[in-house]
Structures are given as structure tokens and as C-alpha cells.
Amino acid sequence: MATANNGRIAVEDVIRSLNIAIEEKDHYTRGHSLRVAEYSVELAKIAAVSEEEIKLIYRAAMLHDIGQIAIEESVLHKPGVLDEQEKLAMQKHPTIAISILEPLNFPAGMIDIILHHHEWWNGHGYPDGLARTAIPLGARILSVADAFDAMTSDRPHRAKMTIPMALNRLEDGANRQWDPDLVAAWLKLERAILEKEPAEFTHVYLWDHLKG
């Protein structure tokens, strides 16, 4: 394992190891964190976020689901809709994530992004019921990216949506669940790519195409 020059384990190695733990826990989400991280970076660039903040957002996105390693597999892999008790169990994963990550001394800004990525623009999210710009910008960016990838991926309780359907769902939820300006920016980016080369569009193509 690579280490920092002072002999301590490098941050990137810690993130990589924790990400492996996430994916081993839930095979349905393999690749999810990386795609969400990449999408978050693209959206952050559009939002004119600083390079330092983009780094925090990327690292937060890689670890945003780490709290799910403490959720029972019967809940994570349930093929049907979760009942209220199961939903409450799932909603604990951001706070569980913080209990896992805080001892590792990650930056407070990164911790806040992870903790609040399930807050809703209208204040009906969790864990703290934050609303609008009280939600950290990085968390708002991560929320859009996370939702888009979740909707366009197969999950135990449903098949993946088509990309146009997922974009429509994001549009419907703008100003309620998600920051409307960030949704508008993501829709513009995605629809432009779809219109240009719809037959070749994939998650991997999107990232390779844009990062250059």
C-alpha cells in the first residue's frame, strides 16, 4: 500500500479501502460511488466551485454510503418497498458514516457533505431537516449526482430507469428535493450529450468525454 512521505497511510488509500468495504457489503452498488464522484465533479465545475472544494466533494462522494456497512443486508437487498422501520434504519446511514469517518480526521467540510447529502431543498430530508442554502453546496451537488446514478442503476426493488426518464424525475423534483439551479445545470449537460450521440451514451463515455 502506498504511504505518505512521513510514513502515514495516504488519504487516497484510506478512501480506496473504505470504498472496497462499501462495495463488498452491497454488490448492487458496485461502481456507484465512483460514478457519483465523477458526476459530482462535473456538476461542481459547472457551479464554479473552487478546486479545493471540488477535491472535498470528490472524496465525500467516494465515501457517501460508508454508513451502509452497518445496515442489515435484509434491508439493503430487500426486493420490495421498505416499510417505515426499514426506512428509518436506512436513514441512519449518514450519521453512521460520520461516526466511522470522524476518528480518521477527515476535513470538516467533507464530513458535512456526507452528513447532509440526503437533505431536501424544501427541508423534508434527513438527518437535520436543513433547507435551501442552509444545506452545504457540496451536499446539494452530491445529492443530484447520487440520485441520477441511483435512478439509472439496477437496484433490488426495481430495474434501472432510462436516462431521459431519470432526467424527467430530477426535473419534477427540482425546488422540492433538489436545488433547482443544480438540476437545471445537470439537465442541460446530460440532454446536450444525449442529443449529440444518444446511441453511444454510457456512464463511462460521459466521464471520459468530459474530463479531457
# chains A, B, ... in the order shown; residues from 1 in each chain; ligands from 1

call {"tool": "residues_around", "arguments": {"residues": "region 58-70 of chain A", "least_positions_apart": "4", "cutoff": "7 Å", "atoms": "only C-alpha atoms", "output": "MDAnalysis selection string"}}
result
chainID A and resid 15 19 22 25 33:34 36:37 40:41 54 93:94 96:97 110 113:114 142

call {"tool": "closest_residue", "arguments": {"among": "A:Leu115, A:Gln177, A:Glu51, A:Ala134", "to": "Glu102 (chain A)", "atoms": "only C-alpha atoms"}}
result
A:Leu115

call {"tool": "closest_residue", "arguments": {"among": "A:Leu18, A:Ala108, A:Ile141, A:Ile71", "to": "Ile57 (chain A)", "atoms": "only C-alpha atoms"}}
result
A:Ile141

call {"tool": "residues_around", "arguments": {"residues": "Asn122 (chain A)", "least_positions_apart": "4", "cutoff": "9 Å", "atoms": "only C-alpha atoms", "output": "list of chain:residue names"}}
result
A:Gly129, A:Leu130, A:Ala131, A:Arg132, A:Asn175, A:Arg176, A:Gln177, A:Trp178

call {"tool": "write_last_selection", "arguments": {"atoms": "C-alpha atoms", "output": "mmCIF file, in the first residue's frame"}}
result
data_model
loop_
_atom_site.group_PDB
_atom_site.id
_atom_site.type_symbol
_atom_site.label_atom_id
_atom_site.label_comp_id
_atom_site.auth_asym_id
_atom_site.auth_seq_id
_atom_site.Cartn_x
_atom_site.Cartn_y
_atom_site.Cartn_z
ATOM 1 C CA GLY A 129 -34.136 18.852 8.051
ATOM 2 C CA LEU A 130 -31.948 21.580 6.542
ATOM 3 C CA ALA A 131 -33.444 23.586 3.681
ATOM 4 C CA ARG A 132 -32.264 25.527 0.664
ATOM 5 C CA ASN A 175 -37.252 23.000 -5.987
ATOM 6 C CA ARG A 176 -38.624 20.241 -3.768
ATOM 7 C CA GLN A 177 -35.932 17.618 -3.252
ATOM 8 C CA TRP A 178 -33.035 19.153 -5.170
#

call {"tool": "closest_residue", "arguments": {"among": "A:Pro127, A:Gly80, A:Ile46, A:His32", "to": "Arg158 (chain A)", "atoms": "only C-alpha atoms"}}
result
A:Gly80

call {"tool": "closest_residue", "arguments": {"among": "A:Ala150, A:Thr95, A:Leu137, A:Ile111", "to": "Ala48 (chain A)", "atoms": "only C-alpha atoms"}}
result
A:Leu137

call {"tool": "atom_distance", "arguments": {"atom1": "CA of Phe148 (chain A)", "atom2": "CA of Asp83 (chain A)"}}
result
23.2 Å

call {"tool": "select_by_dssp", "arguments": {"residues": "chain A", "states": "helix (DSSP H, G or I)", "output": "ChimeraX atom specification"}}
result
/A:11-25,27-29,32-46,51-63,66-70,73-76,84-90,93-104,108-115,132-134,137-151,163-173,180-196,198-200,203-211

call {"tool": "closest_residue", "arguments": {"among": "A:Met165, A:Ile100, A:Leu88, A:Ala10", "to": "Tyr126 (chain A)", "atoms": "only C-alpha atoms"}}
result
A:Leu88

call {"tool": "closest_residue", "arguments": {"among": "A:His118, A:Val144, A:Ser74, A:Ala159", "to": "Glu171 (chain A)", "atoms": "only C-alpha atoms"}}
result
A:Val144

call {"tool": "atom_distance", "arguments": {"atom1": "CA of Leu189 (chain A)", "atom2": "CA of Ser50 (chain A)"}}
result
19.6 Å

call {"tool": "atom_distance", "arguments": {"atom1": "CA of Arg191 (chain A)", "atom2": "CA of Pro164 (chain A)"}}
result
8.0 Å

call {"tool": "decode", "arguments": {"residues": "region 14-141 of chain A", "atoms": "C-alpha atoms", "output": "mmCIF file, in the first residue's frame"}}
result
data_model
loop_
_atom_site.group_PDB
_atom_site.id
_atom_site.type_symbol
_atom_site.label_atom_id
_atom_site.label_comp_id
_atom_site.auth_asym_id
_atom_site.auth_seq_id
_atom_site.Cartn_x
_atom_site.Cartn_y
_atom_site.Cartn_z
ATOM 1 C CA VAL A 14 -7.935 5.089 3.162
ATOM 2 C CA ILE A 15 -10.700 6.208 0.805
ATOM 3 C CA ARG A 16 -9.963 3.341 -1.580
ATOM 4 C CA SER A 17 -10.076 0.767 1.216
ATOM 5 C CA LEU A 18 -13.304 2.120 2.673
ATOM 6 C CA ASN A 19 -14.858 2.160 -0.789
ATOM 7 C CA ILE A 20 -13.988 -1.514 -1.217
ATOM 8 C CA ALA A 21 -15.768 -2.186 2.092
ATOM 9 C CA ILE A 22 -18.885 -0.431 0.785
ATOM 10 C CA GLU A 23 -18.952 -2.409 -2.444
ATOM 11 C CA GLU A 24 -18.302 -5.736 -0.743
ATOM 12 C CA LYS A 25 -21.269 -5.072 1.520
ATOM 13 C CA ASP A 26 -23.690 -4.355 -1.342
ATOM 14 C CA HIS A 27 -22.892 -5.693 -4.813
ATOM 15 C CA TYR A 28 -25.845 -3.803 -6.279
ATOM 16 C CA THR A 29 -23.959 -0.567 -5.771
ATOM 17 C CA ARG A 30 -20.580 -1.590 -7.168
ATOM 18 C CA GLY A 31 -19.204 1.310 -9.150
ATOM 19 C CA HIS A 32 -21.881 3.622 -7.748
ATOM 20 C CA SER A 33 -19.589 5.727 -5.560
ATOM 21 C CA LEU A 34 -17.048 6.254 -8.327
ATOM 22 C CA ARG A 35 -19.710 7.295 -10.839
ATOM 23 C CA VAL A 36 -21.297 9.614 -8.299
ATOM 24 C CA ALA A 37 -17.890 11.134 -7.556
ATOM 25 C CA GLU A 38 -17.254 11.743 -11.248
ATOM 26 C CA TYR A 39 -20.706 13.215 -11.827
ATOM 27 C CA SER A 40 -20.294 15.418 -8.761
ATOM 28 C CA VAL A 41 -17.028 16.812 -10.110
ATOM 29 C CA GLU A 42 -18.651 17.715 -13.426
ATOM 30 C CA LEU A 43 -21.568 19.421 -11.716
ATOM 31 C CA ALA A 44 -19.213 21.238 -9.328
ATOM 32 C CA LYS A 45 -17.255 22.587 -12.284
ATOM 33 C CA ILE A 46 -20.442 23.973 -13.822
ATOM 34 C CA ALA A 47 -21.283 25.567 -10.469
ATOM 35 C CA ALA A 48 -17.848 27.268 -10.479
ATOM 36 C CA VAL A 49 -16.745 25.581 -7.259
ATOM 37 C CA SER A 50 -13.107 26.070 -6.234
ATOM 38 C CA GLU A 51 -10.541 23.356 -6.894
ATOM 39 C CA GLU A 52 -10.125 22.723 -3.172
ATOM 40 C CA GLU A 53 -13.875 22.305 -2.692
ATOM 41 C CA ILE A 54 -14.067 20.001 -5.716
ATOM 42 C CA LYS A 55 -11.477 17.753 -4.048
ATOM 43 C CA LEU A 56 -13.613 17.623 -0.895
ATOM 44 C CA ILE A 57 -16.740 16.855 -2.922
ATOM 45 C CA TYR A 58 -14.988 14.065 -4.831
ATOM 46 C CA ARG A 59 -13.710 12.425 -1.655
ATOM 47 C CA ALA A 60 -17.072 12.825 0.073
ATOM 48 C CA ALA A 61 -18.830 11.221 -2.882
ATOM 49 C CA MET A 62 -16.481 8.247 -2.779
ATOM 50 C CA LEU A 63 -17.477 7.625 0.848
ATOM 51 C CA HIS A 64 -21.056 8.919 0.983
ATOM 52 C CA ASP A 65 -22.516 5.429 1.508
ATOM 53 C CA ILE A 66 -19.931 4.130 4.001
ATOM 54 C CA GLY A 67 -22.593 4.141 6.727
ATOM 55 C CA GLN A 68 -24.464 1.419 4.868
ATOM 56 C CA ILE A 69 -21.944 -1.169 6.046
ATOM 57 C CA ALA A 70 -23.822 -1.072 9.366
ATOM 58 C CA ILE A 71 -27.243 -1.617 7.756
ATOM 59 C CA GLU A 72 -28.605 -5.166 7.728
ATOM 60 C CA GLU A 73 -28.377 -6.899 4.356
ATOM 61 C CA SER A 74 -32.045 -7.885 4.604
ATOM 62 C CA VAL A 75 -32.814 -4.167 4.364
ATOM 63 C CA LEU A 76 -30.185 -3.279 1.751
ATOM 64 C CA HIS A 77 -31.198 -6.148 -0.528
ATOM 65 C CA LYS A 78 -34.941 -6.212 0.078
ATOM 66 C CA PRO A 79 -36.666 -6.752 -3.291
ATOM 67 C CA GLY A 80 -39.790 -4.844 -2.300
ATOM 68 C CA VAL A 81 -40.541 -1.395 -0.930
ATOM 69 C CA LEU A 82 -39.087 -0.721 2.519
ATOM 70 C CA ASP A 83 -41.530 -0.428 5.409
ATOM 71 C CA GLU A 84 -41.346 2.532 7.788
ATOM 72 C CA GLN A 85 -38.999 0.836 10.247
ATOM 73 C CA GLU A 86 -36.659 -0.199 7.429
ATOM 74 C CA LYS A 87 -36.718 3.321 6.004
ATOM 75 C CA LEU A 88 -35.718 4.708 9.383
ATOM 76 C CA ALA A 89 -32.869 2.202 9.541
ATOM 77 C CA MET A 90 -31.643 3.290 6.107
ATOM 78 C CA GLN A 91 -31.895 6.938 7.059
ATOM 79 C CA LYS A 92 -29.309 6.384 9.768
ATOM 80 C CA HIS A 93 -26.517 5.765 7.278
ATOM 81 C CA PRO A 94 -25.281 9.384 7.041
ATOM 82 C CA THR A 95 -24.871 9.672 10.811
ATOM 83 C CA ILE A 96 -23.290 6.218 10.963
ATOM 84 C CA ALA A 97 -20.870 7.377 8.277
ATOM 85 C CA ILE A 98 -19.806 10.283 10.443
ATOM 86 C CA SER A 99 -19.134 8.006 13.419
ATOM 87 C CA ILE A 100 -16.887 5.935 11.150
ATOM 88 C CA LEU A 101 -15.059 8.823 9.497
ATOM 89 C CA GLU A 102 -14.574 11.393 12.267
ATOM 90 C CA PRO A 103 -11.845 9.379 14.063
ATOM 91 C CA LEU A 104 -9.873 9.430 10.791
ATOM 92 C CA ASN A 105 -9.665 13.245 10.933
ATOM 93 C CA PHE A 106 -11.109 13.945 7.515
ATOM 94 C CA PRO A 107 -11.791 17.668 6.905
ATOM 95 C CA ALA A 108 -14.947 19.045 8.498
ATOM 96 C CA GLY A 109 -16.192 20.253 5.115
ATOM 97 C CA MET A 110 -16.021 16.735 3.712
ATOM 98 C CA ILE A 111 -17.821 15.340 6.757
ATOM 99 C CA ASP A 112 -20.612 17.922 6.358
ATOM 100 C CA ILE A 113 -21.135 16.966 2.713
ATOM 101 C CA ILE A 114 -21.569 13.298 3.613
ATOM 102 C CA LEU A 115 -23.796 14.026 6.599
ATOM 103 C CA HIS A 116 -26.184 16.233 4.625
ATOM 104 C CA HIS A 117 -26.388 14.644 1.179
ATOM 105 C CA HIS A 118 -29.932 13.399 1.881
ATOM 106 C CA GLU A 119 -31.301 16.776 2.965
ATOM 107 C CA TRP A 120 -34.064 18.122 0.733
ATOM 108 C CA TRP A 121 -34.286 21.607 -0.744
ATOM 109 C CA ASN A 122 -37.715 22.003 0.910
ATOM 110 C CA GLY A 123 -36.446 20.918 4.346
ATOM 111 C CA HIS A 124 -38.096 17.477 4.369
ATOM 112 C CA GLY A 125 -34.887 15.457 4.153
ATOM 113 C CA TYR A 126 -32.625 13.958 6.802
ATOM 114 C CA PRO A 127 -30.850 13.863 9.209
ATOM 115 C CA ASP A 128 -31.317 17.518 10.240
ATOM 116 C CA GLY A 129 -34.136 18.852 8.051
ATOM 117 C CA LEU A 130 -31.948 21.580 6.542
ATOM 118 C CA ALA A 131 -33.444 23.586 3.681
ATOM 119 C CA ARG A 132 -32.264 25.527 0.664
ATOM 120 C CA THR A 133 -28.841 27.165 1.056
ATOM 121 C CA ALA A 134 -28.504 26.007 4.663
ATOM 122 C CA ILE A 135 -27.569 22.695 3.028
ATOM 123 C CA PRO A 136 -23.851 22.789 2.134
ATOM 124 C CA LEU A 137 -23.340 23.337 -1.593
ATOM 125 C CA GLY A 138 -21.231 20.189 -1.851
ATOM 126 C CA ALA A 139 -24.051 18.156 -0.320
ATOM 127 C CA ARG A 140 -26.545 19.644 -2.784
ATOM 128 C CA ILE A 141 -24.252 18.717 -5.673
#
